[in-house]
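**Student:** What follows is a single structure, and I will ask about it in a moment.
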Amino acid sequence: MSQNTLADHTADTMTRGYASGDFDPLATLTAVTNRMDEYEPVINALHHRDDERSQAAAEASAARWREGRSLGPLDGVPVTIKENIARTGVPMPSGHAWAEVPVADHDAPITERLEEAGAVIVGSTTMPDWGMLSSGVSSLHGVTRSPLDPSLTTGGSSAGAGAGAAAGYGPIHIGSDIGGSIRLPCTWLGLAGLKPSFGRVPLDAPYMGRCAGPMARTMADVNAAMDIICAPDDRDYSRLPRITGDEPETVSGSRSPGDFDPKGLKIGIQLDAGCGEPVDPQITSTITGAAERFARAGAEIETVAPFIDDGLLTDMDLFWRVRSWSDLRALPVAEQALILPYIQAWAQDGADVTGLRLMECYHSVQEIRRRTVAATAAFDLVISPVSPDAAFPAEQPMPYPKVHEPMGHIGFTMPYNMSEQPAGTVLAGYTKDGRTIGAQISGRRFADELVMAAGSWFEQDADIAVPVRASLG
């Protein structure tokens with residue numbers, strides 16, 4: 001589809017249109033469902049599409065807007081949520097094939113907050129097996145593809161969320177991230193996104209390093225979603241208070257790009273993760289250019305030396321393998337055989353790990369946290385690549401598919417999961433062959449607002465052309 005429709009509007013543009021009566025949530029939903037009808041047979045972003053439920057939600061929202069009693073800035077706005085976020089009555093397969101897929105018997109905190117705000121949840125999005133691949137390859141769903149170029153990956157594990165955002169299935173898409181699963185699709189699809197501070201967005205099943213957060217085409221939409229989904233929920237024992245604008249780490253900025261001023265900020269630039277694969281020179285040049293924009297606006301830029309090494313990366317990777325092996329062996333033998341062969345082989349490497357070795361891995365995780373906090377404590381923000389390379393073929397399970405070697409692409413992203421710090425992604429440029437490059441902007445713990453404000457400022461200052469969807473006609 002060459003021309004934009006209501007499906008491509010931002011949340012703010014949508015709700016202003018509803019308020020003025022120029023269009024209503026039903027018209028927006030129709031545009032989104034038409035877009036899904038066109039792109040879904042190719043990109044495969046949706047695990048579960050709920051047209052009847054979303055139609056009812058849009059009708060209710062349209063009535064509220066007509067009667068002047070809207071529920072707020074997301075009322076009538078189409079959103080998707082990743083399939084591992086519970087919605088009552090919706091299957092939750094976690095990306096892998098089952099003999100009998102489990103069905104959610106409750107709504108997760110995110111689902112409740114979005115529905116309370118009047119958002120129209122149009123579907124649940126795909127992910128790879130257990131969320132442990134940085135692609136859209138799944139034993140259940142097949143391959144989820146980029147709407148920018150279907151031959152390329154979406155990234156993962158928030159594969160369908162990224163594809164839906166880039167295709168225009170509405171403005172806001174909720175993903176989750178334990179080592180880069182929000183930020184990697186954002187860099188490979190030209191999106192904005194935020195992995196919040198750990199505990200900022202409540203989960204009903206918290207786990208070390210795991211966060212949920214928004215993915216969108218603009219940081220303004222990321223911000224709009226965060227205002228809703230960060231409301232506290234007692235089911236998450238790691239929860240943080242709602243963002244209020246006066247957290248101790250946000251004193252040098254606010255979420256509004258109009259108020260954000262880089263002048264006087266101390267910003268680090270990290271171009272070498274110290275582990276994994278080397279960074280493509282095109283990406284290095286793009287990230288350097290992004291940092292220079294902040295410098296021209298008055299920020300003090302200083303190089304951040306590598307602080308993670310291959311030994312720590314190996315231990316982090318092995319820790320996850322043991323966890324996945326535990327999940328794998330708990331399944332009936334017939335179910336084990338349904339898991340993607342790549343994931344079977346990857347998890348198998350955790351089968352014979354001793355308790356002592358696993359404890360060493362746990363201590364390495366804590367060392368990653370210590371080093372990340374220490375290396376970034378002197379800076380208001382740190383700018384870096386998201387991944388060492390640009391998007392790879394869609395059928396490939398990993399950017400570097402060496403199943404028995406540590407993940408070579410998460411050296412810039414994973415540390416901020418372990419340190420519990422916020423890290424966002426914004427479009428920073430393109431490779432010579434047209435693949436998107438995202439910049440990661442991270443902050444001190446709790447500085448979610450500053451990270452989003454910096455991302456919004458960069459979007460406006462850089463004014464980079466948005467990615468063009470592939471024509472499927």
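By convention in this document, the chains of the structure tokens carry letters A, B, ... by their order, each chain's residues are numbered from 1, and ligands are numbered from 1 in the order they are shown.
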What residues in range 25-79 of chain A get the DSSP label alpha helix (DSSP H)? Please answer as a PyMOL selection string.

**Tutor:** chain A and resi 25-43+51-66

**Student:** For the selection you just gave me, I'd like the residues written to a file as an mmCIF file, in the first residue's frame, keeping N, CA and C atoms.

**Tutor:**
data_model
loop_
_atom_site.group_PDB
_atom_site.id
_atom_site.type_symbol
_atom_site.label_atom_id
_atom_site.label_comp_id
_atom_site.auth_asym_id
_atom_site.auth_seq_id
_atom_site.Cartn_x
_atom_site.Cartn_y
_atom_site.Cartn_z
ATOM 1 N N PRO A 25 -13.112 5.920 16.131
ATOM 2 C CA PRO A 25 -12.351 4.683 16.300
ATOM 3 C C PRO A 25 -12.765 3.560 15.365
ATOM 4 N N LEU A 26 -14.022 3.561 14.925
ATOM 5 C CA LEU A 26 -14.452 2.515 13.991
ATOM 6 C C LEU A 26 -13.776 2.692 12.633
ATOM 7 N N ALA A 27 -13.645 3.929 12.175
ATOM 8 C CA ALA A 27 -12.962 4.185 10.906
ATOM 9 C C ALA A 27 -11.483 3.804 11.008
ATOM 10 N N THR A 28 -10.876 4.114 12.159
ATOM 11 C CA THR A 28 -9.471 3.756 12.363
ATOM 12 C C THR A 28 -9.300 2.240 12.379
ATOM 13 N N LEU A 29 -10.182 1.559 13.079
ATOM 14 C CA LEU A 29 -10.098 0.100 13.130
ATOM 15 C C LEU A 29 -10.252 -0.503 11.736
ATOM 16 N N THR A 30 -11.142 0.029 10.936
ATOM 17 C CA THR A 30 -11.314 -0.463 9.568
ATOM 18 C C THR A 30 -10.025 -0.315 8.767
ATOM 19 N N ALA A 31 -9.353 0.825 8.930
ATOM 20 C CA ALA A 31 -8.086 1.041 8.224
ATOM 21 C C ALA A 31 -7.036 0.036 8.675
ATOM 22 N N VAL A 32 -7.012 -0.247 9.980
ATOM 23 C CA VAL A 32 -6.032 -1.198 10.506
ATOM 24 C C VAL A 32 -6.343 -2.620 10.023
ATOM 25 N N THR A 33 -7.599 -3.008 10.063
ATOM 26 C CA THR A 33 -7.940 -4.364 9.621
ATOM 27 C C THR A 33 -7.682 -4.521 8.117
ATOM 28 N N ASN A 34 -7.915 -3.475 7.348
ATOM 29 C CA ASN A 34 -7.573 -3.533 5.926
ATOM 30 C C ASN A 34 -6.073 -3.712 5.727
ATOM 31 N N ARG A 35 -5.293 -3.014 6.532
ATOM 32 C CA ARG A 35 -3.838 -3.157 6.444
ATOM 33 C C ARG A 35 -3.421 -4.582 6.839
ATOM 34 N N MET A 36 -4.021 -5.119 7.881
ATOM 35 C CA MET A 36 -3.699 -6.482 8.288
ATOM 36 C C MET A 36 -4.077 -7.479 7.195
ATOM 37 N N ASP A 37 -5.231 -7.271 6.572
ATOM 38 C CA ASP A 37 -5.659 -8.157 5.486
ATOM 39 C C ASP A 37 -4.638 -8.162 4.347
ATOM 40 N N GLU A 38 -4.052 -6.998 4.088
ATOM 41 C CA GLU A 38 -3.096 -6.891 2.980
ATOM 42 C C GLU A 38 -1.739 -7.493 3.317
ATOM 43 N N TYR A 39 -1.236 -7.196 4.532
ATOM 44 C CA TYR A 39 0.139 -7.572 4.852
ATOM 45 C C TYR A 39 0.277 -8.913 5.574
ATOM 46 N N GLU A 40 -0.749 -9.303 6.287
ATOM 47 C CA GLU A 40 -0.603 -10.477 7.138
ATOM 48 C C GLU A 40 -0.277 -11.758 6.364
ATOM 49 N N PRO A 41 -0.836 -11.993 5.185
ATOM 50 C CA PRO A 41 -0.460 -13.220 4.472
ATOM 51 C C PRO A 41 1.026 -13.311 4.146
ATOM 52 N N VAL A 42 1.712 -12.183 4.134
ATOM 53 C CA VAL A 42 3.136 -12.169 3.811
ATOM 54 C C VAL A 42 4.004 -12.073 5.056
ATOM 55 N N ILE A 43 3.675 -11.157 5.970
ATOM 56 C CA ILE A 43 4.594 -10.912 7.090
ATOM 57 C C ILE A 43 4.324 -11.789 8.296
ATOM 58 N N ASP A 51 -11.052 -9.954 15.677
ATOM 59 C CA ASP A 51 -11.825 -8.898 15.041
ATOM 60 C C ASP A 51 -13.124 -8.589 15.792
ATOM 61 N N GLU A 52 -13.776 -9.624 16.298
ATOM 62 C CA GLU A 52 -15.052 -9.399 16.993
ATOM 63 C C GLU A 52 -14.838 -8.596 18.272
ATOM 64 N N ARG A 53 -13.824 -8.966 19.030
ATOM 65 C CA ARG A 53 -13.534 -8.280 20.289
ATOM 66 C C ARG A 53 -13.082 -6.840 20.038
ATOM 67 N N SER A 54 -12.233 -6.641 19.032
ATOM 68 C CA SER A 54 -11.751 -5.289 18.743
ATOM 69 C C SER A 54 -12.856 -4.417 18.169
ATOM 70 N N GLN A 55 -13.765 -5.006 17.401
ATOM 71 C CA GLN A 55 -14.907 -4.249 16.877
ATOM 72 C C GLN A 55 -15.775 -3.728 18.027
ATOM 73 N N ALA A 56 -16.024 -4.593 18.995
ATOM 74 C CA ALA A 56 -16.839 -4.176 20.145
ATOM 75 C C ALA A 56 -16.135 -3.062 20.922
ATOM 76 N N ALA A 57 -14.819 -3.177 21.087
ATOM 77 C CA ALA A 57 -14.066 -2.147 21.806
ATOM 78 C C ALA A 57 -14.094 -0.822 21.053
ATOM 79 N N ALA A 58 -13.965 -0.878 19.733
ATOM 80 C CA ALA A 58 -13.998 0.350 18.937
ATOM 81 C C ALA A 58 -15.378 1.002 18.974
ATOM 82 N N GLU A 59 -16.428 0.185 18.941
ATOM 83 C CA GLU A 59 -17.785 0.736 19.028
ATOM 84 C C GLU A 59 -18.005 1.437 20.361
ATOM 85 N N ALA A 60 -17.530 0.815 21.447
ATOM 86 C CA ALA A 60 -17.679 1.426 22.765
ATOM 87 C C ALA A 60 -16.891 2.732 22.851
ATOM 88 N N SER A 61 -15.695 2.729 22.275
ATOM 89 C CA SER A 61 -14.885 3.942 22.285
ATOM 90 C C SER A 61 -15.538 5.045 21.466
ATOM 91 N N ALA A 62 -16.060 4.695 20.303
ATOM 92 C CA ALA A 62 -16.716 5.702 19.458
ATOM 93 C C ALA A 62 -17.881 6.358 20.192
ATOM 94 N N ALA A 63 -18.633 5.555 20.940
ATOM 95 C CA ALA A 63 -19.751 6.102 21.714
ATOM 96 C C ALA A 63 -19.253 7.064 22.787
ATOM 97 N N ARG A 64 -18.149 6.711 23.439
ATOM 98 C CA ARG A 64 -17.606 7.605 24.481
ATOM 99 C C ARG A 64 -17.170 8.930 23.873
ATOM 100 N N TRP A 65 -16.493 8.885 22.734
ATOM 101 C CA TRP A 65 -16.040 10.132 22.116
ATOM 102 C C TRP A 65 -17.229 10.992 21.681
ATOM 103 N N ARG A 66 -18.261 10.367 21.150
ATOM 104 C CA ARG A 66 -19.450 11.138 20.742
ATOM 105 C C ARG A 66 -20.103 11.829 21.936
#

**Student:** Would you return as a ChimeraX atom specification the members of range 294-367 of chain A that DSSP assigns to strand (DSSP E or B) on this structure's backbone?

**Tutor:** /A:300-303

**Student:** Residues at most 10 Å from Met359 in chain A, counting only C-alpha atoms, excluding those fewer than 6 positions away in the same chain, as a list in words?

**Tutor:**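 Non-adjacent residues within range: Asp315, Phe319 and Val365 of chain A.
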
**Student:** Could you please take those selected residues and save N, CA and C atoms as a PDB file, in the first residue's frame?

**Tutor:**
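Below you can see again30.pdb, which holds the result:
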ATOM      1  N   ASP A 315      28.969 -16.879  29.922  1.00  0.00           N
ATOM      2  CA  ASP A 315      28.259 -17.306  31.129  1.00  0.00           C
ATOM      3  C   ASP A 315      26.794 -16.882  31.095  1.00  0.00           C
ATOM      4  N   PHE A 319      23.734 -19.536  31.199  1.00  0.00           N
ATOM      5  CA  PHE A 319      22.680 -19.415  32.205  1.00  0.00           C
ATOM      6  C   PHE A 319      21.305 -19.570  31.562  1.00  0.00           C
ATOM      7  N   VAL A 365      26.464 -12.974  35.989  1.00  0.00           N
ATOM      8  CA  VAL A 365      25.337 -12.076  35.736  1.00  0.00           C
ATOM      9  C   VAL A 365      25.410 -10.865  36.665  1.00  0.00           C
TER      10      VAL A 365
END

**Student:** Would you mind telling me which residue in A:Pro341, A:Pro406, A:Gly276, A:Pro73 lies nearest to Met226 in chain A when using only C-alpha atoms?

**Tutor:**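 Selected residue with least distance to Met226 in chain A: A:Pro73.
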
**Student:** Enter the distance from CA of Trp98 in chain A to CA of Ser158 in chain A, in Å, rounded to one decimal.

**Tutor:**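 One can read the CA of Trp98 in chain A to CA of Ser158 in chain A distance as 19.7 Å.
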